[in-house]
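K.L.:
Input file: data23.tsv. Contents: TSV, C-alpha atoms and all ligand atoms.
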chain	number	residue	atom	x	y	z
A	7	MET	CA	85.54	-120.77	-21.42
A	8	ARG	CA	85.96	-118.18	-18.69
A	9	LYS	CA	83.26	-118.31	-16.04
A	10	PRO	CA	80.91	-115.31	-16.50
A	11	ASN	CA	81.04	-112.81	-13.68
A	12	PRO	CA	77.39	-112.41	-12.74
A	13	SER	CA	77.97	-109.55	-10.36
A	14	ARG	CA	78.99	-106.56	-12.42
A	15	SER	CA	76.04	-105.27	-14.40
A	16	LEU	CA	76.43	-104.29	-18.05
A	17	LEU	CA	73.65	-102.22	-19.59
A	18	ILE	CA	72.74	-101.09	-23.11
A	19	TRP	CA	72.77	-97.47	-21.98
A	20	PRO	CA	76.16	-95.79	-21.88
A	21	PRO	CA	77.00	-94.91	-18.28
A	22	LEU	CA	78.39	-91.58	-17.09
A	23	PRO	CA	82.06	-91.83	-16.02
A	24	LEU	CA	82.80	-90.14	-12.69
A	25	GLY	CA	85.75	-88.28	-14.17
A	26	VAL	CA	83.69	-86.48	-16.84
A	27	TYR	CA	83.62	-83.25	-14.80
A	28	PHE	CA	87.39	-82.87	-15.19
A	29	LYS	CA	87.41	-83.29	-18.98
A	30	LYS	CA	88.05	-80.42	-21.38
A	31	LYS	CA	85.29	-79.33	-23.73
A	32	ALA	CA	85.45	-80.78	-27.26
A	33	ASP	CA	86.98	-78.38	-29.80
A	34	GLN	CA	84.48	-79.30	-32.47
A	35	LEU	CA	80.86	-80.32	-32.32
A	36	PRO	CA	79.58	-83.17	-34.50
A	37	PHE	CA	76.56	-82.97	-36.81
A	38	PRO	CA	73.89	-81.72	-36.18
A	39	LEU	CA	75.12	-79.78	-33.14
A	40	ASN	CA	77.48	-77.78	-35.38
A	41	GLN	CA	74.59	-76.45	-37.48
A	42	GLU	CA	73.05	-73.06	-36.80
A	43	GLY	CA	69.51	-74.35	-37.29
A	44	CYS	CA	69.94	-77.25	-34.86
A	45	ARG	CA	67.64	-77.20	-31.84
A	46	VAL	CA	68.04	-79.36	-28.74
A	47	TYR	CA	65.10	-80.33	-26.48
A	48	SER	CA	64.86	-82.67	-23.56
A	49	LEU	CA	63.77	-85.64	-25.68
A	50	ALA	CA	63.72	-86.59	-29.35
A	51	ARG	CA	59.90	-86.78	-29.26
A	52	HIS	CA	59.85	-83.06	-28.39
A	53	ALA	CA	62.20	-82.41	-31.30
A	54	ILE	CA	59.87	-84.27	-33.70
A	55	TRP	CA	56.80	-82.39	-32.49
A	56	ASN	CA	58.48	-78.99	-32.84
A	57	ALA	CA	59.91	-79.71	-36.29
A	58	CYS	CA	56.45	-80.83	-37.46
A	59	GLN	CA	55.20	-77.36	-36.43
A	60	SER	CA	57.95	-75.53	-38.31
A	61	LEU	CA	57.49	-77.67	-41.43
A	62	GLN	CA	53.74	-77.08	-41.19
A	63	LEU	CA	52.96	-80.75	-40.95
A	64	GLY	CA	49.77	-81.27	-39.03
A	65	SER	CA	46.02	-81.62	-39.17
A	66	GLY	CA	44.78	-83.47	-42.24
A	67	ASP	CA	48.28	-84.57	-43.25
A	68	VAL	CA	49.34	-88.21	-43.44
A	69	VAL	CA	52.82	-89.58	-42.79
A	70	LEU	CA	54.03	-93.00	-43.99
A	71	ALA	CA	55.72	-94.57	-40.96
A	72	PRO	CA	57.22	-98.02	-40.28
A	73	ALA	CA	55.23	-100.62	-38.36
A	74	TYR	CA	58.52	-101.47	-36.67
A	75	HIS	CA	58.99	-98.43	-34.44
A	76	HIS	CA	59.60	-97.44	-30.83
A	77	GLY	CA	56.18	-95.82	-30.27
A	78	SER	CA	57.19	-92.46	-28.80
A	79	GLU	CA	58.04	-91.07	-32.27
A	80	ILE	CA	54.58	-92.14	-33.46
A	81	GLU	CA	52.97	-90.48	-30.45
A	82	ALA	CA	54.85	-87.24	-31.23
A	83	LEU	CA	53.59	-87.30	-34.84
A	84	ILE	CA	50.02	-87.93	-33.68
A	85	GLU	CA	50.27	-85.18	-31.05
A	86	ALA	CA	51.43	-82.86	-33.83
A	87	GLY	CA	48.12	-83.61	-35.59
A	88	LEU	CA	49.35	-86.06	-38.24
A	89	GLN	CA	47.67	-89.30	-39.21
A	90	ILE	CA	49.85	-92.38	-39.48
A	91	ARG	CA	49.72	-94.74	-42.45
A	92	TYR	CA	51.91	-97.71	-41.58
A	93	TYR	CA	54.20	-99.62	-43.92
A	94	GLU	CA	55.93	-102.94	-43.33
A	95	VAL	CA	59.72	-103.15	-43.49
A	96	ASN	CA	61.30	-105.73	-45.81
A	97	GLN	CA	63.92	-108.33	-44.90
A	98	ALA	CA	66.63	-105.68	-44.93
A	99	LEU	CA	64.48	-103.62	-42.52
A	100	GLU	CA	63.95	-101.07	-45.29
A	101	PRO	CA	60.74	-99.71	-46.77
A	102	ASP	CA	59.75	-101.32	-50.06
A	103	PRO	CA	59.35	-98.62	-52.76
A	104	GLU	CA	56.55	-100.45	-54.56
A	105	SER	CA	54.45	-101.02	-51.45
A	106	LEU	CA	55.04	-97.41	-50.41
A	107	GLN	CA	53.90	-96.14	-53.79
A	108	ALA	CA	50.60	-97.94	-53.28
A	109	LEU	CA	50.08	-96.05	-50.00
A	110	ILE	CA	50.41	-92.58	-51.52
A	111	THR	CA	47.25	-90.47	-51.71
A	112	PRO	CA	46.94	-86.65	-51.91
A	113	GLU	CA	46.92	-86.33	-48.09
A	114	VAL	CA	50.32	-88.02	-47.73
A	115	ARG	CA	52.94	-85.32	-46.97
A	116	ALA	CA	55.93	-87.21	-45.59
A	117	LEU	CA	57.89	-90.45	-45.41
A	118	TYR	CA	59.34	-91.40	-42.01
A	119	ILE	CA	62.37	-93.72	-41.99
A	120	ILE	CA	64.25	-95.07	-38.98
A	121	HIS	CA	67.99	-95.69	-38.98
A	122	TYR	CA	67.73	-98.79	-36.80
A	123	LEU	CA	70.42	-99.41	-34.18
A	124	GLY	CA	72.79	-96.82	-35.65
A	125	PHE	CA	72.91	-98.49	-39.10
A	126	ALA	CA	72.03	-96.08	-41.91
A	127	GLN	CA	69.15	-96.58	-44.29
A	128	ASP	CA	69.86	-95.58	-47.89
A	129	ALA	CA	68.80	-92.04	-47.08
A	130	GLY	CA	70.05	-90.55	-50.38
A	131	PHE	CA	67.81	-92.92	-52.30
A	132	TRP	CA	64.82	-92.08	-50.09
A	133	ARG	CA	65.41	-88.35	-50.47
A	134	GLN	CA	65.27	-88.73	-54.25
A	135	TRP	CA	62.20	-90.92	-53.96
A	136	CYS	CA	60.51	-88.29	-51.78
A	137	ASP	CA	61.47	-85.46	-54.16
A	138	ARG	CA	59.96	-87.43	-57.06
A	139	ASN	CA	56.76	-87.95	-55.10
A	140	ASN	CA	56.66	-84.44	-53.67
A	141	LEU	CA	56.97	-85.66	-50.07
A	142	LEU	CA	59.06	-84.53	-47.13
A	143	LEU	CA	61.63	-87.01	-45.80
A	144	ILE	CA	61.88	-87.41	-42.02
A	145	GLU	CA	64.99	-89.27	-40.87
A	146	ASP	CA	64.77	-90.74	-37.40
A	147	ALA	CA	68.38	-91.02	-36.25
A	148	ALA	CA	67.41	-91.39	-32.58
A	149	GLN	CA	69.77	-94.36	-32.41
A	150	ALA	CA	72.20	-93.09	-35.03
A	151	PHE	CA	73.81	-89.92	-33.67
A	152	LEU	CA	77.39	-89.80	-35.16
A	153	ALA	CA	76.54	-92.28	-37.95
A	154	THR	CA	77.25	-91.46	-41.59
A	155	HIS	CA	76.06	-92.83	-44.92
A	156	GLN	CA	78.32	-92.58	-47.97
A	157	GLY	CA	80.42	-90.07	-46.05
A	158	GLN	CA	77.50	-87.79	-45.20
A	159	PRO	CA	75.99	-87.52	-41.70
A	160	VAL	CA	72.84	-89.50	-41.17
A	161	GLY	CA	69.98	-87.06	-40.62
A	162	SER	CA	71.33	-84.58	-43.18
A	163	PHE	CA	69.57	-86.11	-46.18
A	164	GLY	CA	66.00	-85.41	-45.15
A	165	HIS	CA	63.89	-82.32	-44.49
A	166	MET	CA	64.05	-83.29	-40.81
A	167	GLY	CA	66.66	-85.34	-38.93
A	168	VAL	CA	66.13	-86.32	-35.29
A	169	PHE	CA	68.72	-87.58	-32.77
A	170	CYS	CA	68.77	-88.88	-29.17
A	171	LEU	CA	72.01	-87.65	-27.61
A	172	TYR	CA	71.59	-89.58	-24.35
A	173	LYS	CA	71.48	-92.91	-26.23
A	174	THR	CA	75.08	-92.37	-27.35
A	175	TYR	CA	76.44	-90.69	-24.20
A	176	GLY	CA	75.52	-91.15	-20.53
A	177	ILE	CA	74.04	-87.66	-20.17
A	178	PRO	CA	70.64	-87.18	-18.51
A	179	ASP	CA	68.66	-86.30	-21.67
A	180	GLY	CA	68.88	-84.45	-25.00
A	181	GLY	CA	66.96	-84.75	-28.28
A	182	ALA	CA	68.33	-82.77	-31.24
A	183	VAL	CA	66.70	-81.88	-34.55
A	184	ILE	CA	67.84	-80.31	-37.77
A	185	SER	CA	65.21	-79.31	-40.28
A	186	THR	CA	64.95	-77.20	-43.41
A	187	ILE	CA	62.91	-74.68	-41.36
A	188	PRO	CA	64.38	-74.54	-37.84
A	189	PRO	CA	61.75	-74.93	-35.11
A	190	ALA	CA	61.27	-72.71	-32.06
A	191	PHE	CA	63.77	-72.86	-29.21
A	192	PRO	CA	62.47	-74.77	-26.17
A	193	ALA	CA	60.80	-72.25	-23.87
A	194	ALA	CA	60.06	-74.21	-20.66
A	195	VAL	CA	62.25	-74.12	-17.55
A	196	ALA	CA	65.15	-76.59	-17.64
A	197	GLU	CA	65.41	-79.33	-15.02
A	198	THR	CA	68.74	-79.94	-13.33
A	199	GLY	CA	69.02	-83.55	-14.59
A	200	GLY	CA	70.68	-84.42	-11.27
A	201	TRP	CA	68.75	-87.63	-10.58
A	202	ARG	CA	69.26	-89.03	-14.07
A	203	ALA	CA	72.95	-88.13	-14.02
A	204	PHE	CA	73.25	-89.85	-10.65
A	205	LYS	CA	71.64	-93.04	-12.07
A	206	ARG	CA	74.03	-93.01	-15.02
A	207	HIS	CA	76.95	-92.65	-12.60
A	208	VAL	CA	75.62	-95.62	-10.62
A	209	ASN	CA	75.49	-97.62	-13.86
A	210	TRP	CA	79.14	-96.75	-14.41
A	211	ILE	CA	80.12	-97.95	-10.96
A	212	ALA	CA	77.90	-101.05	-11.24
A	213	ALA	CA	79.80	-102.07	-14.39
A	214	ARG	CA	83.07	-101.94	-12.40
A	215	ARG	CA	82.31	-102.93	-8.83
A	216	ALA	CA	80.69	-106.32	-8.22
A	217	GLU	CA	79.13	-105.31	-4.88
A	218	VAL	CA	77.34	-102.33	-6.50
A	219	GLY	CA	76.50	-104.37	-9.61
A	220	ARG	CA	74.79	-107.02	-7.48
A	221	ILE	CA	72.54	-104.47	-5.76
A	222	HIS	CA	71.90	-102.81	-9.10
A	223	LEU	CA	70.85	-106.08	-10.77
A	224	PHE	CA	68.46	-106.75	-7.91
A	225	PHE	CA	66.80	-103.33	-7.64
A	226	LYS	CA	66.68	-102.14	-11.25
A	227	PRO	CA	63.78	-104.38	-12.36
A	228	ILE	CA	61.83	-103.46	-9.23
A	229	VAL	CA	62.25	-99.73	-9.89
A	230	THR	CA	61.29	-100.17	-13.57
A	231	TRP	CA	58.20	-102.18	-12.60
A	232	TRP	CA	57.17	-99.57	-10.04
A	233	ASN	CA	57.63	-96.67	-12.51
A	234	LYS	CA	55.40	-98.40	-15.05
A	235	LYS	CA	52.75	-99.22	-12.46
A	236	TRP	CA	52.76	-95.65	-11.08
A	237	HIS	CA	52.34	-94.31	-14.60
A	238	ARG	CA	49.42	-96.65	-15.29
A	239	MET	CA	47.78	-95.77	-11.95
A	240	ARG	CA	47.77	-92.13	-13.00
A	241	GLY	CA	45.92	-93.19	-16.18
A	242	GLN	CA	48.77	-92.12	-18.46
A	243	LEU	CA	49.93	-93.66	-21.70
A	244	THR	CA	52.68	-96.29	-21.35
A	245	ILE	CA	55.64	-94.48	-19.83
A	246	GLU	CA	57.77	-95.08	-22.95
A	247	PHE	CA	55.29	-93.15	-25.15
A	248	ASP	CA	54.35	-90.29	-22.84
A	249	MET	CA	54.90	-87.00	-24.69
A	250	GLY	CA	55.51	-84.69	-21.73
A	251	ASN	CA	55.95	-81.00	-22.48
A	252	PRO	CA	57.26	-80.48	-26.05
A	253	ALA	CA	58.79	-77.14	-24.99
A	254	SER	CA	61.15	-78.89	-22.53
A	255	PRO	CA	64.79	-77.90	-22.96
A	256	PRO	CA	67.67	-80.28	-22.19
A	257	SER	CA	68.56	-80.38	-18.50
A	258	ALA	CA	71.24	-78.09	-17.09
A	259	LEU	CA	73.57	-81.06	-16.59
A	260	THR	CA	73.16	-82.19	-20.20
A	261	ASN	CA	74.16	-78.73	-21.38
A	262	TYR	CA	77.15	-78.77	-19.07
A	263	LEU	CA	78.32	-82.33	-19.71
A	264	LEU	CA	77.65	-82.80	-23.42
A	265	PRO	CA	80.61	-80.72	-24.70
A	266	LYS	CA	82.88	-82.53	-22.23
A	267	ILE	CA	81.78	-86.06	-23.08
A	268	LEU	CA	81.72	-85.69	-26.89
A	269	ASP	CA	84.61	-87.63	-28.36
A	270	ASP	CA	85.46	-88.15	-32.00
A	271	THR	CA	86.48	-91.78	-31.35
A	272	THR	CA	83.02	-92.79	-30.05
A	273	ALA	CA	81.56	-94.23	-33.26
A	274	GLU	CA	84.76	-96.14	-34.04
A	275	ARG	CA	84.88	-97.60	-30.51
A	276	ARG	CA	81.28	-98.73	-30.86
A	277	ARG	CA	82.12	-100.33	-34.21
A	278	GLU	CA	85.13	-102.10	-32.67
A	279	ASN	CA	83.02	-103.46	-29.82
A	280	TYR	CA	80.39	-104.55	-32.31
A	281	ARG	CA	83.02	-106.38	-34.41
A	282	PHE	CA	84.25	-108.19	-31.31
A	283	LEU	CA	80.74	-109.45	-30.49
A	284	LEU	CA	80.12	-110.28	-34.13
A	285	LYS	CA	83.22	-112.48	-34.21
A	286	HIS	CA	81.72	-114.70	-31.52
A	287	LEU	CA	77.97	-114.42	-32.03
A	288	ILE	CA	77.49	-113.88	-35.77
A	289	ASP	CA	75.16	-116.86	-36.19
A	290	MET	CA	72.61	-115.13	-33.93
A	291	VAL	CA	72.66	-111.76	-35.69
A	292	PRO	CA	69.91	-110.87	-38.21
A	293	ALA	CA	71.17	-110.37	-41.78
A	294	PRO	CA	70.78	-106.55	-41.95
A	295	PHE	CA	73.18	-106.24	-38.99
A	296	ALA	CA	75.63	-109.02	-39.83
A	297	SER	CA	78.43	-106.67	-40.89
A	298	VAL	CA	79.42	-103.17	-39.76
A	299	PRO	CA	79.49	-100.50	-42.45
A	300	ASP	CA	82.25	-97.88	-42.05
A	301	GLY	CA	79.81	-95.14	-41.12
A	302	ALA	CA	77.70	-97.06	-38.60
A	303	SER	CA	77.54	-95.96	-34.97
A	304	PRO	CA	75.99	-99.06	-33.39
A	305	PHE	CA	73.54	-98.33	-30.58
A	306	ALA	CA	73.25	-101.98	-29.51
A	307	PHE	CA	74.13	-105.49	-30.69
A	308	PRO	CA	71.06	-107.42	-31.97
A	309	VAL	CA	70.56	-111.17	-31.61
A	310	GLU	CA	67.54	-113.25	-32.63
A	311	VAL	CA	66.00	-115.62	-30.11
A	312	HIS	CA	62.74	-117.52	-29.93
A	313	ASP	CA	62.00	-117.07	-26.24
A	314	ALA	CA	63.33	-113.59	-25.71
A	315	ARG	CA	61.96	-112.96	-22.21
A	316	ASN	CA	63.55	-116.09	-20.87
A	317	PHE	CA	66.79	-115.33	-22.71
A	318	LEU	CA	66.91	-111.87	-21.14
A	319	MET	CA	66.24	-113.29	-17.70
A	320	GLN	CA	69.07	-115.82	-18.06
A	321	LEU	CA	71.45	-113.12	-19.28
A	322	ARG	CA	70.53	-110.88	-16.36
A	323	LYS	CA	71.59	-113.66	-13.99
A	324	ARG	CA	74.96	-113.42	-15.70
A	325	GLY	CA	75.19	-109.64	-15.28
A	326	VAL	CA	74.14	-108.63	-18.81
A	327	VAL	CA	71.04	-106.46	-19.10
A	328	GLY	CA	69.63	-106.68	-22.63
A	329	LEU	CA	66.48	-105.20	-24.06
A	330	LEU	CA	63.63	-106.52	-26.18
A	331	PHE	CA	63.80	-104.31	-29.22
A	332	TRP	CA	60.89	-103.16	-29.23
A	333	LEU	CA	58.37	-105.01	-27.14
A	334	ASN	CA	55.33	-102.71	-27.39
A	335	PRO	CA	54.26	-100.92	-30.57
A	336	HIS	CA	52.25	-97.71	-30.47
A	337	PRO	CA	48.58	-98.54	-29.67
A	338	SER	CA	47.52	-97.16	-33.10
A	339	LEU	CA	49.31	-100.04	-34.90
A	340	PRO	CA	47.11	-102.91	-36.14
A	341	VAL	CA	49.72	-105.42	-35.01
A	342	GLU	CA	48.42	-108.47	-36.90
A	343	ASP	CA	48.59	-106.66	-40.25
A	344	PHE	CA	52.38	-106.42	-39.96
A	345	PRO	CA	53.68	-109.91	-39.23
A	346	ARG	CA	57.38	-109.23	-39.81
A	347	SER	CA	57.38	-106.31	-37.38
A	348	LYS	CA	55.49	-108.47	-34.89
A	349	ARG	CA	58.10	-111.24	-35.11
A	350	LEU	CA	60.90	-108.73	-34.63
A	351	ARG	CA	59.24	-107.30	-31.53
A	352	GLU	CA	58.94	-110.74	-30.02
A	353	GLY	CA	62.44	-111.96	-30.70
A	354	LEU	CA	65.03	-109.26	-31.37
A	355	VAL	CA	67.17	-108.78	-28.29
A	356	ALA	CA	69.62	-105.88	-28.08
A	357	LEU	CA	72.87	-106.29	-26.12
A	358	PRO	CA	75.31	-103.62	-24.89
A	359	VAL	CA	77.95	-102.34	-27.33
A	360	HIS	CA	78.63	-98.79	-26.09
A	361	GLN	CA	82.03	-97.10	-25.96
A	362	GLU	CA	82.51	-97.43	-22.19
A	363	LEU	CA	82.71	-101.26	-22.37
A	364	THR	CA	86.12	-102.82	-21.79
A	365	LEU	CA	87.43	-106.01	-23.39
A	366	VAL	CA	86.61	-107.86	-20.16
A	367	ASP	CA	83.03	-106.55	-20.33
A	368	LEU	CA	82.69	-107.67	-23.95
A	369	GLN	CA	84.01	-111.10	-23.04
A	370	GLN	CA	81.47	-111.24	-20.19
A	371	ILE	CA	78.68	-110.57	-22.71
A	372	VAL	CA	79.94	-113.27	-25.09
A	373	ASP	CA	80.40	-115.78	-22.24
A	374	ALA	CA	76.94	-115.07	-20.87
A	375	VAL	CA	75.26	-115.61	-24.26
A	376	MET	CA	77.30	-118.78	-24.93
A	377	ASP	CA	76.52	-120.14	-21.50
A	378	VAL	CA	72.77	-119.65	-21.97
A	379	ARG	CA	73.02	-121.37	-25.35
A	380	VAL	CA	75.10	-124.30	-24.16
A	381	LYS	CA	72.71	-124.94	-21.30
A	382	LYS	CA	69.83	-124.62	-23.78
A	383	GLU	CA	68.11	-122.13	-21.51
A	384	ALA	CA	66.89	-120.28	-24.58
A	385	THR	CA	66.48	-121.17	-28.25
A	386	ILE	CA	67.88	-119.08	-31.04
A	387	GLY	CA	66.78	-118.72	-34.63
A	388	ALA	CA	66.08	-116.49	-37.59
A	389	LEU	CA	63.09	-114.16	-37.34
A	390	VAL	CA	63.24	-112.18	-40.56
B	401	LIG	C1	63.51	-94.83	-33.17
B	401	LIG	C2	63.17	-93.86	-32.06
B	401	LIG	N1	62.68	-92.66	-32.38
B	401	LIG	C3	62.37	-91.76	-31.44
B	401	LIG	C4	62.53	-92.06	-30.10
B	401	LIG	C5	62.14	-91.05	-29.08
B	401	LIG	O1	63.22	-90.66	-28.30
B	401	LIG	P1	62.98	-89.93	-26.91
B	401	LIG	O2	62.74	-91.02	-25.91
B	401	LIG	O3	64.23	-89.18	-26.68
B	401	LIG	O4	61.82	-89.06	-27.07
B	401	LIG	C6	63.03	-93.30	-29.72
B	401	LIG	C7	63.21	-93.64	-28.30
B	401	LIG	O5	63.66	-94.69	-27.92
B	401	LIG	C8	63.37	-94.22	-30.73
B	401	LIG	O6	63.86	-95.44	-30.42
Once you've parsed the file, please lay out its structure as structure tokens.
Ligand SMILES: Cc1ncc(COP(=O)(O)O)c(C=O)c1O
P.N.:
Amino acid sequence: MRKPNPSRSLLIWPPLPLGVYFKKKADQLPFPLNQEGCRVYSLARHAIWNACQSLQLGSGDVVLAPAYHHGSEIEALIEAGLQIRYYEVNQALEPDPESLQALITPEVRALYIIHYLGFAQDAGFWRQWCDRNNLLLIEDAAQAFLATHQGQPVGSFGHMGVFCLYKTYGIPDGGAVISTIPPAFPAAVAETGGWRAFKRHVNWIAARRAEVGRIHLFFKPIVTWWNKKWHRMRGQLTIEFDMGNPASPPSALTNYLLPKILDDTTAERRRENYRFLLKHLIDMVPAPFASVPDGASPFAFPVEVHDARNFLMQLRKRGVVGLLFWLNPHPSLPVEDFPRSKRLREGLVALPVHQELTLVDLQQIVDAVMDVRVKKEATIGALV
């Protein structure tokens, strides 16, 4: 086995290549950016909030939402005035129709589904289910921009489809929404996005140059820790859930760079990278993600471990920066009532799979995981 190179740092987030400024604009925009009714805000949470307004979802209305969620989408729904009624996901990470049926009361107006990690839920089925029950379907494709299901773009089945553009490309921000009634355009003043673009450029260099990667690996956790602490000191909600101003437009740099960085090979390159990791690490991958459907656009590569924090720390020493997917639920979730979601939060680790990774990078990820396993520095096992 090749010795892992601990110096270059490989992150989940796609970095921003330095040469992007010289690229030509894409001829065609992908869904939903090619739709007249599409609106783009700074973040997906802003998109959710605005589409709730246009669909007249709000005070007194209840939405059925998964207990396994990021938290910021839940905050956006609550800020829009909705009440959340949580459902547990089944082993396939899908809602269970029978359990959902039992949650329906006259106040329930919508079903919220998440296309986890760029893998599509059976959105056509859920649209029919919603139509039968007179509910709106909200598709959260925050991690599934460019994904399709049965040949149709993810996010196009529901009454609302939401996407995070910056999770697929290394742009500073960008949350898009398509809904049956288009929401208002963002009215606030756009930021430049310069600092975030700079950080994404640094990530790109850190994945290529060991000397930068080393500094990056050292300082990144310190900066993250300080950001969280600063946020708490100001008495704000956890930084990940903070709503900000829902009228925020995408930054000037996002508007400038997005048409240049869009590439119709992105989803396929992510699938190829995913297949490479799967070939070596399949025994660690939870069943719903153990094969790559044609239409998937993988956001990250999931592995199940028992001591996730330790596993992440050991990987970081080997230059691979993973993510606990998702550590903290929204504070409104009664955590103990949803044991499967709880287990997932404690043990599902996401590894990089984005389109900027080279074969050498992918091998570094495999070697790092294998090395941690061989040295028994972390234990692996099924969670769901
Ligand atoms: C499933 C899901 N929905 C919505 C969001 C909100 O995205 P944003 O941070 O762009 O508001 C996230 C963020 O990670 C997410 O993971």
K.L.:
How many Å separate CA of Leu318 in chain A from CA of Lys226 in chain A?
P.N.:
13.9 Å
K.L.:
From the set A:Arg45, A:Lys205, A:Lys266, A:His75, which residue has the shortest atom-to-atom contact distance to Asp33 in chain A, counting all atoms listed in the file?
P.N.:
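Using all atoms listed in the file, Asp33 in chain A sits closest to A:Lys266.
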K.L.:
Smallest atom-to-atom distance to ligand LIG 401 (chain B): which of A:Ala148, A:Leu70, A:Leu264, A:Ala253, using all atoms listed in the file?
P.N.:
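Counting all atoms listed in the file, the residue closest to ligand LIG 401 (chain B) is A:Ala148.
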K.L.:
Do you know which residues are at most 9 Å from Pro308 in chain A counting all atoms listed in the file, after dropping those on the same chain fewer than 2 positions away, and could you put them as a PyMOL selection string?
P.N.:
chain A and resi 123+290-292+295+306+310+331+354-357
K.L.:
At a cut-off of 9 Å, using all atoms listed in the file, what residues contact Gly181 in chain A? Leave out same-chain residues fewer than 2 positions from it and give the result as a ChimeraX atom specification.
P.N.:
/A:45-54,148,168-172,179,183,255-256
K.L.:
Out of A:Gly43, A:Pro101, A:Gly200, A:Pro252, which residue has the shortest atom-to-atom distance to ligand LIG 401 (chain B) when counting all atoms listed in the file?
P.N.:
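When distances to ligand LIG 401 (chain B) are compared using all atoms listed in the file, the smallest one comes from A:Pro252.
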K.L.:
Do a neighbour search on Trp231 in chain A at 12 Å with only C-alpha atoms, toss out local chain neighbours closer than 6 positions, and write the hits as number ranges by chain.
P.N.:
A: 225, 237-238, 244-245
K.L.:
Give me, please, the distance in Å between atom O5 of ligand LIG 401 (chain B) and CA of Ala147 in chain A, quoted to one decimal.
P.N.:
10.3 Å
K.L.:
Generate the missing atoms of range 306-310 of chain A up to all heavy atoms and report them as a compact mmCIF listing (two decimals), keeping the file's coordinate frame.
P.N.:
# COMPACT_ATOMS: atom_id res chain seq x y z
N ALA A 306 73.31 -100.73 -30.29
CA ALA A 306 73.25 -101.98 -29.51
C ALA A 306 73.58 -103.12 -30.46
O ALA A 306 73.65 -102.93 -31.68
CB ALA A 306 71.87 -102.16 -28.91
N PHE A 307 73.77 -104.32 -29.89
CA PHE A 307 74.13 -105.49 -30.69
C PHE A 307 72.92 -106.43 -30.73
O PHE A 307 72.51 -106.96 -29.69
CB PHE A 307 75.33 -106.19 -30.05
CG PHE A 307 75.85 -107.34 -30.85
CD1 PHE A 307 76.72 -107.13 -31.91
CD2 PHE A 307 75.47 -108.65 -30.55
CE1 PHE A 307 77.19 -108.20 -32.66
CE2 PHE A 307 75.93 -109.71 -31.30
CZ PHE A 307 76.80 -109.49 -32.36
N PRO A 308 72.30 -106.64 -31.91
CA PRO A 308 71.06 -107.42 -31.97
C PRO A 308 71.29 -108.93 -32.15
O PRO A 308 72.12 -109.33 -32.96
CB PRO A 308 70.37 -106.85 -33.21
CG PRO A 308 71.50 -106.43 -34.11
CD PRO A 308 72.68 -106.10 -33.23
N VAL A 309 70.56 -109.72 -31.39
CA VAL A 309 70.56 -111.17 -31.61
C VAL A 309 69.11 -111.65 -31.68
O VAL A 309 68.23 -111.08 -31.05
CB VAL A 309 71.32 -111.95 -30.50
CG1 VAL A 309 72.80 -111.64 -30.53
CG2 VAL A 309 70.76 -111.68 -29.12
N GLU A 310 68.90 -112.72 -32.47
CA GLU A 310 67.54 -113.25 -32.63
C GLU A 310 67.36 -114.46 -31.73
O GLU A 310 68.18 -115.39 -31.77
CB GLU A 310 67.34 -113.69 -34.08
CG GLU A 310 67.41 -112.57 -35.07
CD GLU A 310 67.35 -113.10 -36.51
OE1 GLU A 310 68.28 -113.79 -36.92
OE2 GLU A 310 66.35 -112.83 -37.17
